[in-house]
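Visitor: So here's query.cif (mmCIF, C-alpha atoms).
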```
data_model
#
loop_
_atom_site.label_atom_id
_atom_site.label_comp_id
_atom_site.auth_asym_id
_atom_site.auth_seq_id
_atom_site.Cartn_x
_atom_site.Cartn_y
_atom_site.Cartn_z
CA MET A 1 -94.36 96.37 33.14
CA ASN A 2 -92.26 94.52 35.68
CA PRO A 3 -90.23 96.55 38.22
CA VAL A 4 -87.04 96.52 36.15
CA GLU A 5 -88.85 97.76 33.04
CA LYS A 6 -90.27 100.60 35.13
CA ALA A 7 -86.80 101.39 36.46
CA ILE A 8 -85.29 101.49 32.97
CA TRP A 9 -88.10 103.73 31.75
CA PHE A 10 -87.51 106.08 34.70
CA ILE A 11 -83.73 106.14 34.20
CA GLU A 12 -84.06 106.85 30.48
CA GLY A 13 -86.32 109.79 31.20
CA HIS A 14 -84.28 111.24 34.06
CA PHE A 15 -80.62 110.17 33.86
CA ALA A 16 -79.52 113.76 33.19
CA GLU A 17 -81.02 114.72 36.55
CA ASP A 18 -79.70 114.12 40.07
CA ILE A 19 -81.55 110.85 40.67
CA THR A 20 -80.64 108.22 43.26
CA LEU A 21 -81.25 104.52 43.81
CA ASP A 22 -84.09 105.48 46.17
CA ASP A 23 -85.74 107.50 43.39
CA ILE A 24 -85.40 104.63 40.93
CA ALA A 25 -86.76 102.07 43.39
CA ALA A 26 -89.68 104.35 44.28
CA SER A 27 -90.56 104.71 40.60
CA ALA A 28 -91.07 100.94 40.50
CA GLY A 29 -92.77 100.70 43.89
CA ILE A 30 -90.17 98.42 45.48
CA SER A 31 -87.36 98.69 48.04
CA ARG A 32 -83.82 99.71 47.12
CA PHE A 33 -82.59 96.24 48.15
CA TYR A 34 -85.11 94.53 45.87
CA MET A 35 -84.29 96.93 43.03
CA SER A 36 -80.56 96.24 43.27
CA ARG A 37 -81.09 92.49 43.16
CA ALA A 38 -83.80 92.38 40.48
CA PHE A 39 -81.98 94.82 38.18
CA ALA A 40 -78.85 92.69 38.26
CA VAL A 41 -80.79 89.47 37.58
CA PHE A 42 -82.46 90.98 34.52
CA THR A 43 -79.71 93.11 33.02
CA GLY A 44 -76.40 91.77 34.26
CA ARG A 45 -75.55 95.30 35.48
CA SER A 46 -75.84 97.23 38.71
CA VAL A 47 -78.30 100.15 38.81
CA SER A 48 -75.53 102.65 39.49
CA GLY A 49 -73.32 101.16 36.77
CA TYR A 50 -76.07 101.45 34.19
CA LEU A 51 -76.96 104.99 35.27
CA ARG A 52 -73.31 106.06 35.13
CA GLY A 53 -72.82 104.39 31.75
CA ARG A 54 -75.86 106.08 30.22
CA ARG A 55 -74.77 109.52 31.46
CA LEU A 56 -71.22 109.10 30.15
CA THR A 57 -72.41 107.63 26.85
CA GLU A 58 -74.53 110.68 26.11
CA ALA A 59 -71.61 112.89 27.16
CA ALA A 60 -69.32 111.02 24.75
CA LYS A 61 -71.77 111.63 21.89
CA ILE A 62 -71.83 115.35 22.66
CA LEU A 63 -68.03 115.51 22.83
CA SER A 64 -67.64 113.65 19.54
CA LYS A 65 -69.60 116.44 17.88
CA GLY A 66 -67.01 118.99 19.03
CA ALA A 67 -68.47 120.43 22.25
CA PRO A 68 -66.24 123.44 23.04
CA ASP A 69 -66.58 123.39 26.84
CA ILE A 70 -65.85 120.06 28.52
CA LEU A 71 -66.85 121.41 31.94
CA CYS A 72 -70.35 122.16 30.65
CA VAL A 73 -70.60 118.58 29.37
CA ALA A 74 -69.35 117.33 32.75
CA LEU A 75 -71.97 119.35 34.64
CA GLY A 76 -74.67 118.07 32.30
CA ALA A 77 -73.57 114.49 33.08
CA GLY A 78 -73.84 115.12 36.84
CA TYR A 79 -70.18 115.78 37.66
CA ASN A 80 -69.11 118.86 39.61
CA SER A 81 -65.57 119.13 38.26
CA HIS A 82 -63.56 118.55 35.12
CA GLU A 83 -61.24 116.21 37.05
CA ALA A 84 -63.99 113.94 38.42
CA PHE A 85 -65.62 113.75 34.99
CA THR A 86 -62.35 112.91 33.25
CA ARG A 87 -61.55 110.18 35.78
CA ALA A 88 -65.00 108.57 35.43
CA PHE A 89 -64.91 108.93 31.64
CA ARG A 90 -61.52 107.25 31.37
CA ASP A 91 -62.57 104.43 33.71
CA GLN A 92 -65.69 103.82 31.64
CA PHE A 93 -64.28 104.03 28.11
CA GLY A 94 -60.47 103.96 28.28
CA PHE A 95 -60.29 107.40 26.63
CA THR A 96 -60.23 110.93 27.99
CA PRO A 97 -62.96 113.43 27.04
CA GLU A 98 -60.35 115.42 25.08
CA GLN A 99 -59.40 112.36 23.02
CA VAL A 100 -63.01 111.67 22.05
CA ARG A 101 -63.59 115.30 21.13
CA THR A 102 -60.42 115.32 19.02
CA GLN A 103 -61.19 112.10 17.13
CA GLY A 104 -64.73 113.29 16.39
CA HIS A 105 -66.50 109.92 16.59
CA VAL A 106 -67.48 107.19 19.08
CA GLU A 107 -67.01 104.13 16.88
CA ASN A 108 -64.26 102.75 19.13
CA ILE A 109 -66.06 103.56 22.39
CA PRO A 110 -67.89 100.81 24.36
CA MET A 111 -71.15 102.73 24.55
CA VAL A 112 -73.89 101.90 27.07
CA GLU A 113 -77.10 102.20 25.08
CA ALA A 114 -80.65 102.01 26.44
CA LEU A 115 -81.47 98.50 27.55
CA LYS A 116 -84.15 96.40 25.95
CA MET A 117 -85.73 93.91 28.30
CA ASP A 118 -85.25 90.17 27.80
CA GLU A 119 -88.71 88.77 28.47
CA SER A 120 -87.71 85.08 28.47
CA PHE A 121 -89.88 84.26 31.46
CA VAL A 122 -90.58 80.69 32.50
CA VAL A 123 -94.30 80.19 31.95
CA ASN A 124 -94.70 77.07 34.09
CA LEU A 125 -92.99 78.22 37.28
CA GLU A 126 -94.20 75.99 40.08
CA THR A 127 -95.82 77.62 43.09
CA PRO A 128 -93.11 77.82 45.78
CA ARG A 129 -93.45 76.33 49.19
CA THR A 130 -92.76 78.27 52.40
CA VAL A 131 -90.10 76.77 54.67
CA GLU A 132 -88.87 77.75 58.12
CA GLY A 133 -85.16 77.22 57.47
CA LYS A 134 -82.82 76.21 60.27
CA ALA A 135 -79.57 77.96 61.10
CA MET A 136 -76.65 76.50 59.13
CA LEU A 137 -72.88 76.77 58.86
CA ILE A 138 -71.72 76.65 55.23
CA ALA A 139 -68.09 76.22 54.21
CA GLY A 140 -66.45 75.93 50.80
CA ILE A 141 -64.71 77.80 48.03
CA GLY A 142 -65.66 81.48 48.05
CA ALA A 143 -65.13 84.42 45.71
CA ARG A 144 -66.42 87.94 45.28
CA TYR A 145 -68.20 88.85 42.06
CA ASN A 146 -70.05 91.61 40.30
CA CYS A 147 -72.60 91.40 37.48
CA GLU A 148 -69.93 91.03 34.82
CA THR A 149 -67.61 88.55 36.57
CA SER A 150 -70.28 86.18 37.93
CA LYS A 151 -69.98 84.08 34.77
CA ALA A 152 -66.98 82.47 36.49
CA ILE A 153 -69.16 80.77 39.14
CA PRO A 154 -69.28 77.39 37.30
CA SER A 155 -65.48 77.19 37.41
CA GLN A 156 -65.68 77.87 41.15
CA TRP A 157 -67.73 74.69 41.52
CA GLN A 158 -64.98 72.81 39.69
CA GLN A 159 -62.54 73.97 42.36
CA PHE A 160 -64.86 72.80 45.14
CA ASN A 161 -65.47 69.39 43.54
CA ALA A 162 -61.96 68.37 44.57
CA TYR A 163 -63.17 68.53 48.22
CA ALA A 164 -66.73 67.23 47.76
CA GLY A 165 -67.53 64.41 50.16
CA ASN A 166 -64.31 64.87 52.12
CA VAL A 167 -64.97 68.06 54.09
CA SER A 168 -64.42 67.74 57.83
CA GLY A 169 -67.76 67.81 59.66
CA GLN A 170 -69.79 67.71 56.43
CA VAL A 171 -73.53 67.25 57.01
CA GLY A 172 -75.22 64.97 54.44
CA ASP A 173 -74.70 65.06 50.68
CA ILE A 174 -76.45 68.36 49.90
CA TYR A 175 -74.47 71.16 48.25
CA TYR A 176 -75.14 74.89 48.54
CA GLY A 177 -74.35 77.93 46.41
CA VAL A 178 -74.74 80.85 48.81
CA CYS A 179 -75.01 84.52 47.76
CA CYS A 180 -74.27 86.91 50.61
CA ASN A 181 -72.67 90.25 51.56
CA SER A 182 -74.11 92.08 48.56
CA ASP A 183 -73.89 95.85 48.15
CA GLU A 184 -75.72 98.41 46.02
CA GLU A 185 -73.17 98.03 43.21
CA ASN A 186 -74.30 94.39 43.19
CA ASN A 187 -70.94 93.06 44.27
CA PHE A 188 -71.54 89.88 46.25
CA ASP A 189 -69.80 86.88 47.79
CA TYR A 190 -70.62 83.42 46.44
CA ILE A 191 -69.68 80.30 48.35
CA ALA A 192 -69.84 76.89 46.71
CA GLY A 193 -69.88 74.46 49.61
CA VAL A 194 -71.62 72.20 52.08
CA GLU A 195 -73.16 72.40 55.53
CA VAL A 196 -70.72 71.59 58.33
CA THR A 197 -71.08 70.98 62.05
CA ASP A 198 -68.44 73.60 62.91
CA PHE A 199 -65.72 75.70 61.30
CA SER A 200 -62.74 73.92 62.85
CA ASP A 201 -60.31 71.74 60.88
CA LEU A 202 -61.19 73.22 57.48
CA PRO A 203 -58.72 74.01 54.68
CA ASP A 204 -57.18 77.47 54.91
CA GLU A 205 -58.56 78.40 51.49
CA PHE A 206 -62.17 77.78 52.55
CA SER A 207 -64.66 80.58 53.08
CA ARG A 208 -67.30 80.36 55.79
CA VAL A 209 -70.77 81.85 56.29
CA ARG A 210 -73.31 81.56 59.09
CA ILE A 211 -76.87 81.44 57.82
CA PRO A 212 -79.40 82.29 60.55
CA ALA A 213 -82.77 80.65 61.00
CA GLN A 214 -84.95 82.24 58.37
CA ARG A 215 -88.27 81.91 56.53
CA TYR A 216 -87.87 81.13 52.82
CA LEU A 217 -89.80 80.80 49.62
CA VAL A 218 -88.44 77.67 47.95
CA PHE A 219 -88.67 77.49 44.15
CA THR A 220 -87.97 74.30 42.21
CA HIS A 221 -85.98 74.42 38.98
CA ARG A 222 -86.40 71.08 37.20
CA ASP A 223 -84.77 71.86 33.85
CA HIS A 224 -81.10 71.81 32.91
CA ILE A 225 -78.98 74.08 35.09
CA SER A 226 -78.06 76.24 32.08
CA SER A 227 -81.61 77.65 32.00
CA ILE A 228 -81.57 78.82 35.62
CA ARG A 229 -81.44 82.51 34.58
CA SER A 230 -84.93 82.27 33.06
CA THR A 231 -86.24 80.84 36.32
CA MET A 232 -84.52 83.62 38.28
CA MET A 233 -86.04 86.24 35.99
CA THR A 234 -89.48 84.75 36.53
CA ILE A 235 -89.05 84.76 40.30
CA TRP A 236 -87.81 88.36 40.51
CA GLY A 237 -89.79 89.81 37.63
CA LYS A 238 -93.16 88.09 37.92
CA TYR A 239 -93.74 86.07 41.04
CA LEU A 240 -92.31 88.25 43.81
CA PRO A 241 -93.71 91.62 42.60
CA ARG A 242 -97.19 90.08 42.40
CA SER A 243 -96.96 88.27 45.72
CA ARG A 244 -97.55 89.65 49.21
CA HIS A 245 -94.05 88.66 50.29
CA GLU A 246 -91.22 91.06 51.08
CA VAL A 247 -87.69 89.84 50.42
CA ALA A 248 -85.39 89.90 53.46
CA ASP A 249 -81.85 91.28 53.32
CA ALA A 250 -80.25 87.94 54.12
CA PRO A 251 -78.25 85.24 52.28
CA ASN A 252 -80.11 83.43 49.49
CA PHE A 253 -78.89 80.15 48.12
CA GLU A 254 -79.16 77.34 45.62
CA ARG A 255 -79.67 73.87 47.07
CA TYR A 256 -78.39 70.87 45.10
CA GLY A 257 -79.70 67.54 46.41
CA PRO A 258 -78.62 63.97 45.57
CA GLU A 259 -80.88 64.03 42.50
CA PHE A 260 -78.73 66.71 40.84
CA ASP A 261 -76.00 65.37 38.54
CA PRO A 262 -73.11 67.88 38.37
CA ARG A 263 -71.63 66.06 35.37
CA THR A 264 -74.67 66.55 33.13
CA GLY A 265 -76.40 69.53 34.80
CA ASN A 266 -79.64 67.56 35.00
CA GLY A 267 -81.76 66.46 37.95
CA GLY A 268 -83.09 69.79 39.18
CA MET A 269 -82.31 72.00 42.16
CA GLU A 270 -83.97 74.53 44.46
CA ILE A 271 -83.69 78.29 44.88
CA TRP A 272 -84.23 79.54 48.45
CA ILE A 273 -85.24 83.22 48.73
CA PRO A 274 -85.37 84.72 52.27
CA ILE A 275 -88.57 86.58 53.13
CA LYS A 276 -89.72 88.63 56.08
CA ASN A 277 -92.22 87.12 58.48
#
```
Using structure tokens, write down the structure that the file contains.

Guide:
Amino acid sequence: MNPVEKAIWFIEGHFAEDITLDDIAASAGISRFYMSRAFAVFTGRSVSGYLRGRRLTEAAKILSKGAPDILCVALGAGYNSHEAFTRAFRDQFGFTPEQVRTQGHVENIPMVEALKMDESFVVNLETPRTVEGKAMLIAGIGARYNCETSKAIPSQWQQFNAYAGNVSGQVGDIYYGVCCNSDEENNFDYIAGVEVTDFSDLPDEFSRVRIPAQRYLVFTHRDHISSIRSTMMTIWGKYLPRSRHEVADAPNFERYGPEFDPRTGNGGMEIWIPIKN
């Protein structure tokens, strides 16, 4: 089992208990930072979002069968008050607990069922090289995403393409997709941009990020860009857990060189993962 499979197994066996991200990460033998990142890569959800969804889904099933005491259901789902439970329930499903109990079914509820792992690993992942990366200034179009909204990243690149090649102080013709400022809900900033010599004389709508000097594992993705998720799953689900490397809590990025054709998605690119020395 890879670390995410272990985490899902642990959550499914304990979600009615007072478990934390630390508990889930420990069950898989990895750090909380690694767990947050790997879980999102594999499932498209944050750990806390999945845990909350599973608890509320089981509560909805109980309510649909006519549970007489909503507070008891709330306590069983890990909430200390009727009000907190109702607020979380409504945010998750768009219905109140009373409405679900009254209607007597969950057919119109967006349930969060137990995940089944997608094992579409890339078999022929090339051995990465280790690179001592220099400090860089990256500027471009930025946005904040979560697991569900990150599908909009390709359209972000369309916005940046209007500036490509004409950014003040641009260094070379390499383009970067930088992930940074992530949290445990797996919200993160993504900047589609280029390296610049300084942050002066840039468009007001540009975002900026300083990337410090850092050691990286550099993975090559040679196939069409649409299959990058399989490569990411292989990196986080197979290679890193079996390696001796520990991922650093620092920006990671995609590097698109002159060989990459943004019109066709062909040509290949690199994935730079920061690691501790």

Visitor: If I wrap all listed atoms of segment 56-72 of chain A in a box with edges along x, y and z and add 8 Å on each side, what are its centre and edge lengths in Å to one decimal, as JSON?

Guide:
```
{"center_x": -70.2, "center_y": 115.5, "center_z": 24.9, "size_x": 24.7, "size_y": 31.8, "size_z": 30.1}
```

Visitor: Find, counting all atoms listed in the file, the residue in A:Ser226, A:Thr220, A:Ser243, A:Thr57 that gets nearest to Trp272 of chain A.

Guide: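 Of the candidates, the smallest distance to Trp272 of chain A is held by A:Thr220.
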
Visitor: Need to verify the contact set: Asp223 of chain A, 10 Å, all atoms listed in the file, exclusion of same-chain residues closer than 3 positions in sequence. Can you return it as a compact mmCIF listing (two decimals) with C-alpha atoms, in the coordinates of the input?

Guide:
```
# COMPACT_ATOMS: atom_id res chain seq x y z
CA THR A 220 -87.97 74.30 42.21
CA SER A 226 -78.06 76.24 32.08
CA SER A 227 -81.61 77.65 32.00
CA ILE A 228 -81.57 78.82 35.62
CA THR A 231 -86.24 80.84 36.32
CA GLY A 265 -76.40 69.53 34.80
CA ASN A 266 -79.64 67.56 35.00
CA GLY A 267 -81.76 66.46 37.95
CA GLY A 268 -83.09 69.79 39.18
CA MET A 269 -82.31 72.00 42.16
```

Visitor: Would you be able to write out as a PyMOL selection string which residues have an atom within 12 Å of (-90.3, 108.4, 38.5) in the file's coordinates, counting all atoms listed in the file?

Guide: chain A and resi 3+6-15+17+19-29

Visitor: For the residues in the current selection, export C-alpha atoms as a compact mmCIF listing (two decimals), keeping the file's coordinate frame.

Guide:
```
# COMPACT_ATOMS: atom_id res chain seq x y z
CA PRO A 3 -90.23 96.55 38.22
CA LYS A 6 -90.27 100.60 35.13
CA ALA A 7 -86.80 101.39 36.46
CA ILE A 8 -85.29 101.49 32.97
CA TRP A 9 -88.10 103.73 31.75
CA PHE A 10 -87.51 106.08 34.70
CA ILE A 11 -83.73 106.14 34.20
CA GLU A 12 -84.06 106.85 30.48
CA GLY A 13 -86.32 109.79 31.20
CA HIS A 14 -84.28 111.24 34.06
CA PHE A 15 -80.62 110.17 33.86
CA GLU A 17 -81.02 114.72 36.55
CA ILE A 19 -81.55 110.85 40.67
CA THR A 20 -80.64 108.22 43.26
CA LEU A 21 -81.25 104.52 43.81
CA ASP A 22 -84.09 105.48 46.17
CA ASP A 23 -85.74 107.50 43.39
CA ILE A 24 -85.40 104.63 40.93
CA ALA A 25 -86.76 102.07 43.39
CA ALA A 26 -89.68 104.35 44.28
CA SER A 27 -90.56 104.71 40.60
CA ALA A 28 -91.07 100.94 40.50
CA GLY A 29 -92.77 100.70 43.89
```

Visitor: At what distance in Å, to one decimal, does atom CA of Ala40 of chain A lie from atom CA of Ser182 of chain A?

Guide: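 Computed distance, atom CA of Ser182 of chain A to atom CA of Ala40 of chain A, equals 11.4 Å.
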
Visitor: In the coordinate frame of the file, compute which residues have an atom within 7 Å of (-65.8, 90.9, 46.2) when using all atoms listed in the file, and state them as a VMD selection string.

Guide: chain A and resid 143 to 145 187 to 189

Visitor: Given only C-alpha atoms as the basis, pick out the residue of A:Ile174, A:Gly94, A:Tyr216, A:Gly142 nearest to Gln156 of chain A.

Guide: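 Closest to Gln156 of chain A, using only C-alpha atoms: A:Gly142.
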
Visitor: Quick check, in Å to one decimal: how far apart do atom CA of Glu83 of chain A and atom CA of Thr149 of chain A lie?

Guide: 28.4 Å

Visitor: Excluding same-chain residues fewer than 3 positions from Phe39 of chain A, what lies within 12 Å of it counting all atoms listed in the file, as a PyMOL selection string?

Guide: chain A and resi 2-8+21+24-25+28+30-36+42-51+115+117-118+147+184-186+232-233+236-237

Visitor: Would you list the contacts of segment 193-199 of chain A as a PyMOL selection string, taking every protein, DNA or RNA residue within 12 Å and counting all atoms listed in the file, but skipping same-chain residues closer than 3 positions in sequence?

Guide: chain A and resi 134-143+156-179+190+202-204+206-211+253-257

Visitor: With all atoms listed in the file as the basis for distance, which of A:Glu259, A:His245, A:Arg37, A:Ser200 is at the shortest distance from Asp183 of chain A?

Guide: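 Nearest candidate to Asp183 of chain A out of A:Glu259, A:His245, A:Arg37, A:Ser200: A:Arg37.
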
Visitor: List the neighbours of Ser64 of chain A out to 6 Å using all atoms listed in the file; skip same-chain residues closer than 5 positions along the sequence, and give me the result as a list in words.

Guide: Val100, Arg101, Gly104 and His105 of chain A

Visitor: When the PyMOL selection byres ((chain A and resi 244) around 12) is applied to the structure above, which residues does it catch, written out as a list in words?

Guide: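 Against this file, the PyMOL selection byres ((chain A and resi 244) around 12) returns the residues Leu217, Tyr239, Leu240, Pro241, Arg242, Ser243, His245, Glu246, Val247, Ile275, Lys276 and Asn277 of chain A.
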
Visitor: Can I get the selected residues back with C-alpha atoms, as a PDB file, in the frame of the given file?

Guide:
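Resulting contents of out-v5.pdb:
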```pdb
ATOM      1  CA  LEU A 217     -89.800  80.800  49.620  1.00  0.00           C
ATOM      2  CA  TYR A 239     -93.740  86.070  41.040  1.00  0.00           C
ATOM      3  CA  LEU A 240     -92.310  88.250  43.810  1.00  0.00           C
ATOM      4  CA  PRO A 241     -93.710  91.620  42.600  1.00  0.00           C
ATOM      5  CA  ARG A 242     -97.190  90.080  42.400  1.00  0.00           C
ATOM      6  CA  SER A 243     -96.960  88.270  45.720  1.00  0.00           C
ATOM      7  CA  HIS A 245     -94.050  88.660  50.290  1.00  0.00           C
ATOM      8  CA  GLU A 246     -91.220  91.060  51.080  1.00  0.00           C
ATOM      9  CA  VAL A 247     -87.690  89.840  50.420  1.00  0.00           C
ATOM     10  CA  ILE A 275     -88.570  86.580  53.130  1.00  0.00           C
ATOM     11  CA  LYS A 276     -89.720  88.630  56.080  1.00  0.00           C
ATOM     12  CA  ASN A 277     -92.220  87.120  58.480  1.00  0.00           C
TER      13      ASN A 277
END
```

Visitor: As a list in words, please: the residues near Leu71 of chain A (cut-off 9 Å, all atoms listed in the file, same-chain neighbours under 4 positions excluded).

Guide: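 Neighbouring residues, sequence-local ones excluded: Leu75, Gly76, Tyr79, Asn80, Ser81, His82 and Phe85 of chain A.
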
Visitor: Expressed in Å to a single decimal, how great is the separation between atom CA of Glu98 of chain A and atom CA of Ile62 of chain A?

Guide: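 Computed distance, atom CA of Glu98 of chain A to atom CA of Ile62 of chain A, equals 11.7 Å.
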
Visitor: Which residue gives the smallest distance to Cys72 of chain A among A:Ala88, A:Pro154, A:Pro97, A:Thr264, with all atoms listed in the file counted?

Guide: A:Pro97

Visitor: Which is closer to Val112 of chain A than all the others in A:Ile70, A:Cys180, A:Leu56, A:Ile271, using only C-alpha atoms?

Guide: A:Leu56

Visitor: For Ala16 of chain A, which residue out of A:Ala77, A:Ala38, A:Pro68, A:Pro212 is the nearest one, using all atoms listed in the file?

Guide: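 Closest residue, counting all atoms listed in the file: A:Ala77.
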